[in-house]
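Before any comments, here is the structure.
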Amino acid sequence: MPELDRRTLIGSGLAAALPLPLAMPAFATNMAMPPAIGRAERESRLRRAQQRMQAVGIGSILVEPGASLDYLTGVQWRRSERVTAAVIPARGAPIIVTPFFERPSVAETLGVDAEIRVWQEHEDPAALVAGFLRERRLAGEPVGMEESVRWFVSDGLRHHLPRTRLTSADPVIRALRMIKSPAELALMNYAAHITQRALRLTHGKVNEGMSAGEIGRLFREAVAKAGGEDAWALVLIDEASALPHGTGKPQQVKRGSVVLMDCGCGVHGYQADISRTFVFDADPTREQRKVWEQVRRGQDIVMTTARVGVPAGAVDDAVRRAYESWGYGPDYRLPGLSHRTGHGIGMEGHEPVNLVRGETTRLAPGMCFSNEPGIYRPGEFGVRLEDCFHMTAAGPKWFTTPPPSIDRPFG
């Protein structure tokens, strides 16, 4: 059927039986888990980071524990008042700064060639960093701070190097992390595979009277059996499904309930994020079917708009234009789409950049996003369908198969 006819039907809620474009084949059930990121890839990242640092005039970068530290060095650590950080110079090997008594533990996950320099409890770790920069003759050059570095860490370094300019490391670290390598894409693909299968299994076990917490527990158990990590589940039932991030009020499944499941897990540190909405043990109403189809069409609009070189914000604009033509909004008003159309994803569930109005970053191969143009009707119900995709030179490619209809909400 011509696209214009399809749009007209979806806008009126009469397109439930139409085939949906851009669907990808379901994942095979015998996928092998890809290996974790290894030393060679991390060392390549460090080299590329140093090339970017030289290009933008940054002499060194400071990174605290979190996804970026793992990305560059492999160190998986926690933040506390005792500073552990990597200092990456524009030339030469990096160092890891950590308390003396933490050295053996921090060294367990270090995945690149880097010296570990320690400080004692009565000492100032910022002085240790400043000393390293003076030693490498970098104290007079700008120091890039990874975007999540805490104030007391940067302020401590400023105290020891008052003439050194502290600047953002985004042109280096953010630019690198936004573009995923084949190894990263494989891990995200597998995490999505596990999440999708766990959602299907959970759906088959939902019973009348279950709470949101009980459904979430079923999902986490399914992920654990499949080898996924850090599973999480946001389950919203009936009126709560119109609240994108839920409510603290009790929720219970009954016949005819709208159930929204927003779930994910990790594989070797890389994340998946998938949402499904279904009607429990009853035929969907005409309005439920209409909204579900409109959201599914919204996902297709994302995939049609997302092309290499297009500003990320244009994707959100395209979805909102369609939604407004169907009577929603305008803008973020309800009923309609009250949040961005999608977010970046990788080592973190949410990371730059977003598919949101005004975002000028242009889409490029290797970027990964969620695609979740939900529609919410306060006091009634909401529908969110979410699948992630990555950009290729030829356009976007799904990680997971979007569901074909409200009657087959898990494919």
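Labels used: A, B, ... for chains in the order of the structure tokens, numbers from 1 for residues in each chain, and numbers from 1 for ligands as shown.
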How close does each residue of range 110-209 of chain A get to range 351-355 of chain A, giving the shortest atom pair and distance in Å to one decimal for every residue with an atom at most 12 Å away, counting only C-alpha atoms, sorted by chain and residue number, as CSV?
residue,atom,partner,partner_atom,distance
A:Glu147,CA,A:Pro352,CA,11.1
A:Ser148,CA,A:Glu351,CA,11.6
A:Asp170,CA,A:Pro352,CA,10.2
A:Ile173,CA,A:Pro352,CA,11.0
A:Arg174,CA,A:Pro352,CA,7.4
A:Ala175,CA,A:Pro352,CA,9.3
A:Leu176,CA,A:Pro352,CA,11.1
A:Arg177,CA,A:Pro352,CA,8.8
A:Met178,CA,A:Pro352,CA,6.9
A:Ile179,CA,A:Pro352,CA,10.6
Next item on the list: Quick one: pick out all strand (DSSP E) residues within range 224-384 of chain A from a backbone DSSP run and write them as a ChimeraX atom specification.
Entry: /A:229-237,258-267,270-271,274-279,342-344,351-355,368-371,375-377,381-383
Item checked: Long-range neighbours of Gly57 in chain A as number ranges by chain, 12 Å cut-off, only C-alpha atoms, 6 positions minimum in chain -> A: 49-51, 89-90, 138, 140-144, 165-169, 171-172
Go ahead and save the residues from that selection, with C-alpha atoms, as an mmCIF file, in the first residue's frame.
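Output saved as result-v8.cif:
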data_model
loop_
_atom_site.group_PDB
_atom_site.id
_atom_site.type_symbol
_atom_site.label_atom_id
_atom_site.label_comp_id
_atom_site.auth_asym_id
_atom_site.auth_seq_id
_atom_site.Cartn_x
_atom_site.Cartn_y
_atom_site.Cartn_z
ATOM 1 C CA ALA A 49 42.399 9.963 22.277
ATOM 2 C CA GLN A 50 45.952 11.291 22.209
ATOM 3 C CA GLN A 51 45.652 12.184 18.539
ATOM 4 C CA PRO A 89 48.867 12.786 28.632
ATOM 5 C CA ALA A 90 48.776 13.826 24.997
ATOM 6 C CA LEU A 138 52.337 19.524 30.771
ATOM 7 C CA GLY A 140 51.284 24.814 31.394
ATOM 8 C CA GLU A 141 48.936 23.148 28.907
ATOM 9 C CA PRO A 142 45.143 22.834 29.235
ATOM 10 C CA VAL A 143 43.863 19.888 31.261
ATOM 11 C CA GLY A 144 40.676 18.305 29.944
ATOM 12 C CA ARG A 165 43.463 26.133 32.311
ATOM 13 C CA LEU A 166 40.926 23.418 33.015
ATOM 14 C CA THR A 167 38.691 22.673 30.066
ATOM 15 C CA SER A 168 36.168 20.128 28.852
ATOM 16 C CA ALA A 169 37.401 16.771 27.585
ATOM 17 C CA PRO A 171 35.941 16.965 22.187
ATOM 18 C CA VAL A 172 38.060 13.910 22.945
#
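Near Arg91 in chain A, within 12 Å and counting only C-alpha atoms, sit A:Leu46, A:Arg47, A:Arg48, A:Ala49, A:Gln50, A:Gln51, A:Arg52, A:Met53, A:Gln54, A:Ile58, A:Gly59, A:Ser60, A:Ile61, A:Val87, A:Ile88, A:Pro89, A:Ala93, A:Pro94, A:Ile95, A:Leu133, A:Arg136, A:Arg137, A:Leu138; same-chain residues fewer than 2 positions away were not included.
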Store the residues picked out above in a file with N, CA and C atoms, as a short mmCIF file (atom, residue, chain, number, x, y, z; two decimals), in the first residue's frame.
data_model
loop_
_atom_site.label_atom_id
_atom_site.label_comp_id
_atom_site.auth_asym_id
_atom_site.auth_seq_id
_atom_site.Cartn_x
_atom_site.Cartn_y
_atom_site.Cartn_z
N LEU A 46 43.24 4.69 23.36
CA LEU A 46 44.17 5.66 23.95
C LEU A 46 44.94 6.40 22.86
N ARG A 47 45.37 5.68 21.85
CA ARG A 47 46.11 6.34 20.76
C ARG A 47 45.22 7.37 20.07
N ARG A 48 43.99 6.99 19.80
CA ARG A 48 43.08 7.93 19.13
C ARG A 48 42.75 9.12 20.04
N ALA A 49 42.63 8.86 21.34
CA ALA A 49 42.40 9.96 22.28
C ALA A 49 43.57 10.94 22.25
N GLN A 50 44.78 10.41 22.23
CA GLN A 50 45.95 11.29 22.21
C GLN A 50 46.04 12.07 20.90
N GLN A 51 45.67 11.45 19.82
CA GLN A 51 45.65 12.18 18.54
C GLN A 51 44.67 13.34 18.59
N ARG A 52 43.50 13.08 19.17
CA ARG A 52 42.50 14.16 19.29
C ARG A 52 42.97 15.25 20.25
N MET A 53 43.61 14.85 21.33
CA MET A 53 44.12 15.83 22.28
C MET A 53 45.11 16.77 21.60
N GLN A 54 46.00 16.21 20.82
CA GLN A 54 46.97 17.03 20.10
C GLN A 54 46.28 17.95 19.10
N ILE A 58 44.81 20.04 23.86
CA ILE A 58 44.69 19.63 25.25
C ILE A 58 45.92 18.82 25.61
N GLY A 59 46.59 19.19 26.71
CA GLY A 59 47.82 18.53 27.10
C GLY A 59 47.62 17.24 27.84
N SER A 60 46.52 17.13 28.58
CA SER A 60 46.24 15.92 29.36
C SER A 60 44.75 15.88 29.68
N ILE A 61 44.31 14.71 30.12
CA ILE A 61 42.90 14.53 30.49
C ILE A 61 42.83 13.78 31.81
N VAL A 87 45.14 9.78 34.57
CA VAL A 87 45.64 11.00 33.95
C VAL A 87 46.28 10.57 32.64
N ILE A 88 45.71 11.04 31.54
CA ILE A 88 46.15 10.62 30.21
C ILE A 88 46.85 11.79 29.54
N PRO A 89 48.15 11.70 29.31
CA PRO A 89 48.87 12.79 28.63
C PRO A 89 48.69 12.71 27.11
N ALA A 93 52.72 7.29 28.14
CA ALA A 93 51.82 6.40 28.84
C ALA A 93 51.03 7.14 29.93
N PRO A 94 49.79 6.72 30.17
CA PRO A 94 48.99 7.32 31.25
C PRO A 94 49.40 6.78 32.61
N ILE A 95 48.86 7.40 33.64
CA ILE A 95 49.03 6.88 35.00
C ILE A 95 47.65 6.72 35.62
N LEU A 133 52.04 16.05 36.02
CA LEU A 133 51.95 16.99 34.89
C LEU A 133 53.21 17.84 34.79
N ARG A 136 55.96 15.70 33.29
CA ARG A 136 55.81 15.51 31.84
C ARG A 136 55.82 16.86 31.09
N ARG A 137 56.07 17.93 31.80
CA ARG A 137 56.08 19.28 31.22
C ARG A 137 54.75 19.63 30.57
N LEU A 138 53.68 19.25 31.27
CA LEU A 138 52.34 19.52 30.77
C LEU A 138 51.56 20.48 31.69
#
Neighbouring residues of Thr361 in chain A were defined as those with any atom within 6 Å, considering only C-alpha atoms; residues of the same chain fewer than 2 positions away were excluded. Please report them as a PDB file with C-alpha atoms, in the first residue's frame.
ATOM      1  CA  PRO A 311      21.248  16.672  12.685  1.00  0.00           C
ATOM      2  CA  ALA A 312      20.096  14.440  15.548  1.00  0.00           C
ATOM      3  CA  GLU A 359      20.587  18.867  18.923  1.00  0.00           C
TER       4      GLU A 359
END
Check: Residues of range 106-153 of chain A in helix (DSSP H, G or I) according to DSSP, as a ChimeraX atom specification?
Finding: /A:106-107,125-135,151-153
Dump as a PDB file, in the first residue's frame, selection limited to C-alpha atoms:
ATOM      1  CA  VAL A 106      42.521  -1.330  41.187  1.00  0.00           C
ATOM      2  CA  ALA A 107      45.266  -3.219  39.332  1.00  0.00           C
ATOM      3  CA  PRO A 125      45.871  13.206  45.454  1.00  0.00           C
ATOM      4  CA  ALA A 126      45.644  16.462  43.489  1.00  0.00           C
ATOM      5  CA  ALA A 127      49.262  17.153  44.409  1.00  0.00           C
ATOM      6  CA  LEU A 128      50.187  13.775  42.929  1.00  0.00           C
ATOM      7  CA  VAL A 129      48.419  14.656  39.673  1.00  0.00           C
ATOM      8  CA  ALA A 130      50.044  18.083  39.556  1.00  0.00           C
ATOM      9  CA  GLY A 131      53.453  16.517  40.121  1.00  0.00           C
ATOM     10  CA  PHE A 132      52.959  14.129  37.219  1.00  0.00           C
ATOM     11  CA  LEU A 133      51.954  16.988  34.894  1.00  0.00           C
ATOM     12  CA  ARG A 134      55.027  19.000  35.896  1.00  0.00           C
ATOM     13  CA  GLU A 135      57.200  15.927  35.361  1.00  0.00           C
ATOM     14  CA  TRP A 151      33.965  19.643  41.622  1.00  0.00           C
ATOM     15  CA  PHE A 152      36.252  18.900  44.567  1.00  0.00           C
ATOM     16  CA  VAL A 153      38.577  16.933  42.267  1.00  0.00           C
TER      17      VAL A 153
END
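Take CA of Ala36 in chain A and CA of Arg103 in chain A: the distance between them is 23.1 Å.
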Margin query: Using only C-alpha atoms, which protein or nucleic acid residues come within 9 Å of Leu185 in chain A? Drop anything in the same chain fewer than 5 positions from it, and give the result as number ranges by chain.
Written below: A: 180, 190, 270, 346, 366, 368, 390, 399
